[in-house]
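Chemist: What follows is start-v4.txt, compact mmCIF, C-alpha atoms.
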```txt
# COMPACT_ATOMS: atom_id res chain seq x y z
CA MET S 277 -20.50 -176.05 41.79
CA THR S 278 -22.46 -175.97 45.03
CA THR S 279 -25.72 -174.00 45.06
CA ILE S 280 -25.98 -172.04 48.29
CA THR S 281 -29.19 -170.63 49.77
CA ALA S 282 -29.12 -167.37 51.72
CA THR S 283 -29.52 -169.20 55.05
CA GLU S 284 -26.76 -171.67 54.16
CA ARG S 285 -24.45 -168.79 53.20
CA ALA S 286 -25.22 -167.06 56.50
CA ALA S 287 -24.47 -170.28 58.39
CA ALA S 288 -21.17 -170.85 56.57
CA GLN S 289 -20.15 -167.24 57.18
CA ALA S 290 -21.06 -167.50 60.88
CA TYR S 291 -18.96 -170.69 61.09
CA LEU S 292 -16.03 -168.87 59.48
CA ARG S 293 -16.35 -165.98 61.94
CA LEU S 294 -16.31 -168.47 64.81
CA LEU S 295 -13.27 -170.21 63.35
CA GLU S 296 -11.41 -166.91 62.90
CA SER S 297 -12.33 -165.75 66.42
CA THR S 298 -11.12 -169.05 67.87
CA GLN S 299 -7.85 -168.80 65.95
CA ALA S 300 -7.31 -165.26 67.24
CA VAL S 301 -7.83 -166.38 70.84
CA LEU S 302 -5.52 -169.38 70.44
CA GLU S 303 -2.76 -167.31 68.84
CA ASP S 304 -2.59 -164.83 71.73
CA PRO S 305 -1.93 -166.52 75.08
CA SER S 306 -2.90 -163.34 76.93
CA LEU S 307 -6.46 -163.84 75.67
CA ALA S 308 -6.81 -167.34 77.13
CA PRO S 309 -8.52 -166.16 80.34
CA TYR S 310 -11.12 -164.38 78.23
CA ALA S 311 -11.73 -167.15 75.69
CA GLY S 312 -15.15 -168.08 77.08
CA VAL S 313 -16.38 -164.50 77.03
CA MET S 314 -14.85 -163.75 73.62
CA LEU S 315 -16.26 -166.86 71.95
CA THR S 316 -19.74 -166.94 73.50
CA ASN S 317 -21.36 -164.69 70.90
CA PRO S 318 -19.68 -166.22 67.82
CA MET S 319 -20.61 -169.71 69.08
CA ALA S 320 -24.24 -168.71 69.67
CA GLU S 321 -24.44 -167.00 66.28
CA ALA S 322 -23.00 -170.03 64.47
CA ASP S 323 -25.23 -172.44 66.37
CA GLU S 324 -28.38 -170.48 65.54
CA ALA S 325 -27.38 -169.99 61.89
CA LEU S 326 -26.61 -173.71 61.48
CA ARG S 327 -29.97 -174.63 62.98
CA ALA S 328 -31.83 -172.11 60.79
CA ALA S 329 -30.16 -173.48 57.66
CA GLY S 330 -30.83 -177.10 58.63
CA LEU S 331 -27.11 -177.77 58.87
CA ALA S 332 -26.90 -178.73 62.55
CA GLY S 333 -25.38 -182.20 62.50
CA ASN S 334 -24.65 -182.04 58.77
CA GLU S 335 -20.94 -181.29 58.87
CA ASP S 336 -20.33 -182.68 55.38
CA ARG S 337 -22.70 -180.17 53.77
CA LEU S 338 -21.42 -177.31 55.97
CA LEU S 339 -17.78 -177.95 55.08
CA ARG S 340 -18.63 -178.15 51.37
CA LEU S 341 -20.39 -174.78 51.67
CA VAL S 342 -17.47 -173.25 53.55
CA SER S 343 -15.07 -174.58 50.92
CA SER S 344 -17.26 -173.12 48.20
CA LEU S 345 -17.25 -169.71 49.90
CA ARG S 346 -13.48 -169.81 50.28
CA THR S 347 -12.81 -170.74 46.65
CA SER S 348 -15.32 -168.51 44.84
CA PRO S 349 -15.76 -164.94 46.02
CA GLY S 350 -19.33 -163.81 46.42
CA PRO S 351 -20.69 -160.32 45.94
CA ALA S 352 -19.01 -157.56 47.90
CA PRO S 353 -20.70 -156.79 51.21
CA GLY S 354 -23.43 -154.22 50.62
CA ALA S 355 -23.31 -154.68 46.86
CA GLY S 356 -26.74 -154.65 45.34
CA PRO S 357 -27.93 -156.57 42.28
CA GLY S 358 -25.89 -155.79 39.20
CA ALA S 359 -23.09 -154.23 41.24
```
Once more with this new file: its structure as structure tokens, please.
Modeler:
Amino acid sequence: MTTITATERAAAQAYLRLLESTQAVLEDPSLAPYAGVMLTNPMAEADEALRAAGLAGNEDRLLRLVSSLRTSPGPAPGAGPGA
């Protein structure tokens, strides 16, 4: 099991949002002209989160974290301790 810090979790989640945004743009050809505008914020968010977590340039660790998030559900958004 991979232990994930809060900043690593945030980085992996930002990466997943970028991936999902990119997939949405690629699946709809009518969005192609807007791809740059639509992906600017998710790219900036992921870049900053990766840097903050010390994962910039550490793709192996990032992909292990992403895999861990995808295979084991975390707490529900907004759920407090003991929820």
Chemist: I'd like to know which of S:Ala300, S:Leu295, S:Ala288, S:Ala282 is closest to Arg340 in chain S, using only C-alpha atoms.
Modeler: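 Using only C-alpha atoms, the shortest distance to Arg340 in chain S belongs to S:Ala288.
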Chemist: Using Å and a single decimal, report how far CA of Leu345 in chain S sits from CA of Leu307 in chain S.
Modeler: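 Separating CA of Leu307 in chain S from CA of Leu345 in chain S is a distance of 28.5 Å.
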Chemist: Can you tell me how far CA of Leu302 in chain S sits from CA of Gly330 in chain S, in Å to one decimal?
Modeler: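 Value for the CA of Leu302 in chain S-CA of Gly330 in chain S distance: 29.0 Å.
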Chemist: Distance CA of Leu331 in chain S-CA of Ala308 in chain S, one decimal place?
Modeler: 29.2 Å
Chemist: Within 12 Å of Glu284 in chain S, counting only C-alpha atoms, which residues qualify if same-chain residues fewer than 4 places away don't, as a ChimeraX atom specification?
Modeler: /S:278-280,288-291,322,324-332,334,337-342,344-345
Chemist: Would you fill the gaps in range 305-337 of chain S so it has N, CA and C atoms, then print it as a PDB file, keeping the file's coordinate frame?
Modeler:
```
ATOM      1  N   PRO S 305      -1.767-165.912  73.747  1.00  0.00           N
ATOM      2  CA  PRO S 305      -1.930-166.520  75.080  1.00  0.00           C
ATOM      3  C   PRO S 305      -2.518-165.578  76.118  1.00  0.00           C
ATOM      4  N   SER S 306      -2.348-164.278  75.947  1.00  0.00           N
ATOM      5  CA  SER S 306      -2.900-163.340  76.930  1.00  0.00           C
ATOM      6  C   SER S 306      -4.431-163.300  76.872  1.00  0.00           C
ATOM      7  N   LEU S 307      -5.003-163.813  75.795  1.00  0.00           N
ATOM      8  CA  LEU S 307      -6.460-163.840  75.670  1.00  0.00           C
ATOM      9  C   LEU S 307      -7.098-165.091  76.270  1.00  0.00           C
ATOM     10  N   ALA S 308      -6.288-166.065  76.611  1.00  0.00           N
ATOM     11  CA  ALA S 308      -6.810-167.340  77.130  1.00  0.00           C
ATOM     12  C   ALA S 308      -7.815-167.173  78.274  1.00  0.00           C
ATOM     13  N   PRO S 309      -7.539-166.305  79.248  1.00  0.00           N
ATOM     14  CA  PRO S 309      -8.520-166.160  80.340  1.00  0.00           C
ATOM     15  C   PRO S 309      -9.873-165.623  79.882  1.00  0.00           C
ATOM     16  N   TYR S 310      -9.895-164.999  78.727  1.00  0.00           N
ATOM     17  CA  TYR S 310     -11.120-164.380  78.230  1.00  0.00           C
ATOM     18  C   TYR S 310     -11.784-165.189  77.110  1.00  0.00           C
ATOM     19  N   ALA S 311     -11.250-166.352  76.824  1.00  0.00           N
ATOM     20  CA  ALA S 311     -11.730-167.150  75.690  1.00  0.00           C
ATOM     21  C   ALA S 311     -13.243-167.411  75.778  1.00  0.00           C
ATOM     22  N   GLY S 312     -13.718-167.791  76.932  1.00  0.00           N
ATOM     23  CA  GLY S 312     -15.150-168.080  77.080  1.00  0.00           C
ATOM     24  C   GLY S 312     -16.008-166.873  76.750  1.00  0.00           C
ATOM     25  N   VAL S 313     -15.618-165.730  77.274  1.00  0.00           N
ATOM     26  CA  VAL S 313     -16.380-164.500  77.030  1.00  0.00           C
ATOM     27  C   VAL S 313     -16.275-164.091  75.567  1.00  0.00           C
ATOM     28  N   MET S 314     -15.079-164.196  74.998  1.00  0.00           N
ATOM     29  CA  MET S 314     -14.850-163.750  73.620  1.00  0.00           C
ATOM     30  C   MET S 314     -15.522-164.653  72.588  1.00  0.00           C
ATOM     31  N   LEU S 315     -15.712-165.914  72.919  1.00  0.00           N
ATOM     32  CA  LEU S 315     -16.260-166.860  71.950  1.00  0.00           C
ATOM     33  C   LEU S 315     -17.741-167.157  72.145  1.00  0.00           C
ATOM     34  N   THR S 316     -18.325-166.664  73.220  1.00  0.00           N
ATOM     35  CA  THR S 316     -19.740-166.940  73.500  1.00  0.00           C
ATOM     36  C   THR S 316     -20.646-166.455  72.369  1.00  0.00           C
ATOM     37  N   ASN S 317     -20.487-165.217  71.953  1.00  0.00           N
ATOM     38  CA  ASN S 317     -21.360-164.690  70.900  1.00  0.00           C
ATOM     39  C   ASN S 317     -21.125-165.358  69.546  1.00  0.00           C
ATOM     40  N   PRO S 318     -19.860-165.523  69.096  1.00  0.00           N
ATOM     41  CA  PRO S 318     -19.680-166.220  67.820  1.00  0.00           C
ATOM     42  C   PRO S 318     -20.206-167.658  67.838  1.00  0.00           C
ATOM     43  N   MET S 319     -20.078-168.344  68.992  1.00  0.00           N
ATOM     44  CA  MET S 319     -20.610-169.710  69.080  1.00  0.00           C
ATOM     45  C   MET S 319     -22.130-169.715  68.990  1.00  0.00           C
ATOM     46  N   ALA S 320     -22.778-168.792  69.694  1.00  0.00           N
ATOM     47  CA  ALA S 320     -24.240-168.710  69.670  1.00  0.00           C
ATOM     48  C   ALA S 320     -24.736-168.344  68.274  1.00  0.00           C
ATOM     49  N   GLU S 321     -24.043-167.400  67.622  1.00  0.00           N
ATOM     50  CA  GLU S 321     -24.440-167.000  66.280  1.00  0.00           C
ATOM     51  C   GLU S 321     -24.313-168.174  65.306  1.00  0.00           C
ATOM     52  N   ALA S 322     -23.197-168.887  65.369  1.00  0.00           N
ATOM     53  CA  ALA S 322     -23.000-170.030  64.470  1.00  0.00           C
ATOM     54  C   ALA S 322     -24.018-171.122  64.748  1.00  0.00           C
ATOM     55  N   ASP S 323     -24.267-171.408  66.011  1.00  0.00           N
ATOM     56  CA  ASP S 323     -25.230-172.440  66.370  1.00  0.00           C
ATOM     57  C   ASP S 323     -26.617-172.118  65.833  1.00  0.00           C
ATOM     58  N   GLU S 324     -27.059-170.891  66.015  1.00  0.00           N
ATOM     59  CA  GLU S 324     -28.380-170.480  65.540  1.00  0.00           C
ATOM     60  C   GLU S 324     -28.439-170.506  64.007  1.00  0.00           C
ATOM     61  N   ALA S 325     -27.396-170.020  63.357  1.00  0.00           N
ATOM     62  CA  ALA S 325     -27.380-169.990  61.890  1.00  0.00           C
ATOM     63  C   ALA S 325     -27.375-171.413  61.311  1.00  0.00           C
ATOM     64  N   LEU S 326     -26.636-172.318  61.941  1.00  0.00           N
ATOM     65  CA  LEU S 326     -26.610-173.710  61.480  1.00  0.00           C
ATOM     66  C   LEU S 326     -27.985-174.352  61.630  1.00  0.00           C
ATOM     67  N   ARG S 327     -28.636-174.093  62.750  1.00  0.00           N
ATOM     68  CA  ARG S 327     -29.970-174.630  62.980  1.00  0.00           C
ATOM     69  C   ARG S 327     -30.967-174.068  61.957  1.00  0.00           C
ATOM     70  N   ALA S 328     -30.903-172.755  61.722  1.00  0.00           N
ATOM     71  CA  ALA S 328     -31.830-172.110  60.790  1.00  0.00           C
ATOM     72  C   ALA S 328     -31.665-172.629  59.362  1.00  0.00           C
ATOM     73  N   ALA S 329     -30.436-172.986  59.010  1.00  0.00           N
ATOM     74  CA  ALA S 329     -30.160-173.480  57.660  1.00  0.00           C
ATOM     75  C   ALA S 329     -30.336-174.989  57.545  1.00  0.00           C
ATOM     76  N   GLY S 330     -30.685-175.643  58.657  1.00  0.00           N
ATOM     77  CA  GLY S 330     -30.830-177.100  58.630  1.00  0.00           C
ATOM     78  C   GLY S 330     -29.505-177.824  58.525  1.00  0.00           C
ATOM     79  N   LEU S 331     -28.441-177.178  58.975  1.00  0.00           N
ATOM     80  CA  LEU S 331     -27.110-177.770  58.870  1.00  0.00           C
ATOM     81  C   LEU S 331     -26.592-178.336  60.189  1.00  0.00           C
ATOM     82  N   ALA S 332     -27.331-178.174  61.264  1.00  0.00           N
ATOM     83  CA  ALA S 332     -26.900-178.730  62.550  1.00  0.00           C
ATOM     84  C   ALA S 332     -26.791-180.239  62.400  1.00  0.00           C
ATOM     85  N   GLY S 333     -25.611-180.764  62.640  1.00  0.00           N
ATOM     86  CA  GLY S 333     -25.380-182.200  62.500  1.00  0.00           C
ATOM     87  C   GLY S 333     -25.066-182.641  61.090  1.00  0.00           C
ATOM     88  N   ASN S 334     -24.965-181.701  60.162  1.00  0.00           N
ATOM     89  CA  ASN S 334     -24.650-182.040  58.770  1.00  0.00           C
ATOM     90  C   ASN S 334     -23.309-181.389  58.407  1.00  0.00           C
ATOM     91  N   GLU S 335     -22.259-181.867  59.046  1.00  0.00           N
ATOM     92  CA  GLU S 335     -20.940-181.290  58.870  1.00  0.00           C
ATOM     93  C   GLU S 335     -20.439-181.403  57.429  1.00  0.00           C
ATOM     94  N   ASP S 336     -20.776-182.494  56.761  1.00  0.00           N
ATOM     95  CA  ASP S 336     -20.330-182.680  55.380  1.00  0.00           C
ATOM     96  C   ASP S 336     -20.835-181.543  54.500  1.00  0.00           C
ATOM     97  N   ARG S 337     -22.115-181.253  54.581  1.00  0.00           N
ATOM     98  CA  ARG S 337     -22.700-180.170  53.770  1.00  0.00           C
ATOM     99  C   ARG S 337     -22.101-178.821  54.181  1.00  0.00           C
TER     100      ARG S 337
END
```
